[in-house]
Each structure stands twice: as C-alpha cells, then as structure tokens.
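First the structure, in the form of structure tokens, and then the observations on it.
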Amino acid sequence: MIDQMCKSGLIVLLAGVTTTALPATASDCQYGSLNRSISVRYEVPGQSVPCQVLYEKHDEGVESTPWSAENESGYCEAKAAELHQTLIDLGWACTEAPHNDANNGSPAPA
C-alpha cells in the first residue's frame, strides 16, 4: 500500500514538473483591453491524459490551472470548452488560436 502511495505521489510530483508540452487546443478571448487565453496541455505526446487546462490573464500576468485529469480522457477538453463558452456568454469575443498538432504533444487523431 505504501509503495502504491509513493508511486502515486511521484506521479503527482512529476505531473507538476513535466508540463512542457505546447498547447494542443487553445482559445484567445478579448473584452475591451482585457486578454485571456484557454489551452489544454498534454504531458505525454500522443496521449490525451494526463492533461491540464491552462487559463491565462495576460493583462494581469496571471496563469492558473483550474482543471486537470490523470485518467479521464476528454475531461480537460470539455472543461476548456465550458470556460470558452462561459466567457462568450459574458460578452467576451473568443477565437480558436492556431496550433500545430505535429509538434505539441497532442493526442493522436481519432
């Protein structure tokens, strides 16, 4: 049991350190002079988990990770889409940001 917990702790620790893959999906949003971006980052090329939703407030210099998933494929993409829609519903103008699937650790196409 302790061995299992140690492995889990190591995975959590590594998850915080190994998030260097480029965003696979991204949205840029604007409201007046305010800028936000939402992206999903994948830690392992070709795999949809583990993943993180990255939310950046560029004008404030703030970056957060409101959601992440270790095992549930599609979770990060769904949460990013929800946040994207929430900003639109609040009057933000959002567009999909360009991304290059070949070089960013995104999951393989289905």
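Chain identifiers are assigned as A, B, and so on, following the order in which chains appear in the structure tokens; residues are numbered from 1 within each chain, and ligands are numbered from 1 in order of appearance.
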Pick out the residues sitting within 7 Å of region 47-60 of chain A, and hand them over as a PyMOL selection string; count only C-alpha atoms, and ignore anything fewer than 5 positions along from it in its own chain. chain A and resi 34-42+65-73+76+80+106-108
With N, CA and C atoms retained, could you export that selection as a compact mmCIF listing (two decimals), in the first residue's frame?
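Result written to selection_24.txt:
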# COMPACT_ATOMS: atom_id res chain seq x y z
N LEU A 34 -8.92 43.77 -22.11
CA LEU A 34 -8.55 42.57 -21.36
C LEU A 34 -8.34 41.39 -22.30
N ASN A 35 -7.32 40.60 -22.03
CA ASN A 35 -6.99 39.42 -22.84
C ASN A 35 -6.89 38.18 -21.96
N ARG A 36 -7.51 37.11 -22.43
CA ARG A 36 -7.45 35.82 -21.74
C ARG A 36 -7.15 34.74 -22.77
N SER A 37 -6.52 33.67 -22.33
CA SER A 37 -6.38 32.51 -23.21
C SER A 37 -6.64 31.25 -22.39
N ILE A 38 -7.19 30.27 -23.09
CA ILE A 38 -7.52 28.97 -22.51
C ILE A 38 -6.83 27.93 -23.38
N SER A 39 -6.11 27.02 -22.76
CA SER A 39 -5.45 25.97 -23.55
C SER A 39 -5.46 24.66 -22.78
N VAL A 40 -5.37 23.58 -23.53
CA VAL A 40 -5.23 22.25 -22.95
C VAL A 40 -3.82 21.79 -23.26
N ARG A 41 -3.12 21.38 -22.22
CA ARG A 41 -1.76 20.89 -22.39
C ARG A 41 -1.71 19.41 -22.04
N TYR A 42 -1.01 18.67 -22.88
CA TYR A 42 -0.85 17.23 -22.69
C TYR A 42 0.59 16.96 -22.29
N THR A 65 -4.19 26.86 -13.36
CA THR A 65 -4.61 25.56 -13.87
C THR A 65 -5.87 25.16 -13.12
N PRO A 66 -7.04 25.61 -13.62
CA PRO A 66 -8.27 25.32 -12.88
C PRO A 66 -8.69 23.86 -12.90
N TRP A 67 -8.29 23.10 -13.92
CA TRP A 67 -8.67 21.68 -14.01
C TRP A 67 -7.51 20.87 -14.56
N SER A 68 -7.47 19.61 -14.15
CA SER A 68 -6.50 18.65 -14.70
C SER A 68 -7.10 17.26 -14.59
N ALA A 69 -6.55 16.35 -15.36
CA ALA A 69 -7.02 14.96 -15.31
C ALA A 69 -5.83 14.02 -15.47
N GLU A 70 -5.86 12.97 -14.70
CA GLU A 70 -4.83 11.94 -14.79
C GLU A 70 -5.31 10.74 -15.61
N ASN A 71 -6.62 10.45 -15.58
CA ASN A 71 -7.13 9.23 -16.18
C ASN A 71 -8.31 9.42 -17.12
N GLU A 72 -9.07 10.50 -16.98
CA GLU A 72 -10.31 10.66 -17.72
C GLU A 72 -10.09 11.40 -19.04
N SER A 73 -10.02 10.65 -20.10
CA SER A 73 -9.84 11.21 -21.43
C SER A 73 -11.03 12.10 -21.79
N CYS A 76 -10.33 17.41 -19.82
CA CYS A 76 -9.72 18.74 -19.98
C CYS A 76 -10.32 19.49 -21.16
N ALA A 80 -12.27 23.03 -20.84
CA ALA A 80 -11.79 24.18 -21.61
C ALA A 80 -12.92 24.73 -22.48
N SER A 106 -0.05 16.67 -28.63
CA SER A 106 -1.49 16.45 -28.63
C SER A 106 -1.80 14.99 -28.90
N PRO A 107 -2.98 14.56 -28.50
CA PRO A 107 -3.36 13.18 -28.77
C PRO A 107 -3.41 12.89 -30.26
N ALA A 108 -3.19 11.65 -30.58
CA ALA A 108 -3.27 11.24 -31.99
C ALA A 108 -4.70 11.40 -32.49
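Our summary of the geometry notes that CA of Gln30 (chain A) is positioned 25.6 Å from CA of Gly74 (chain A).
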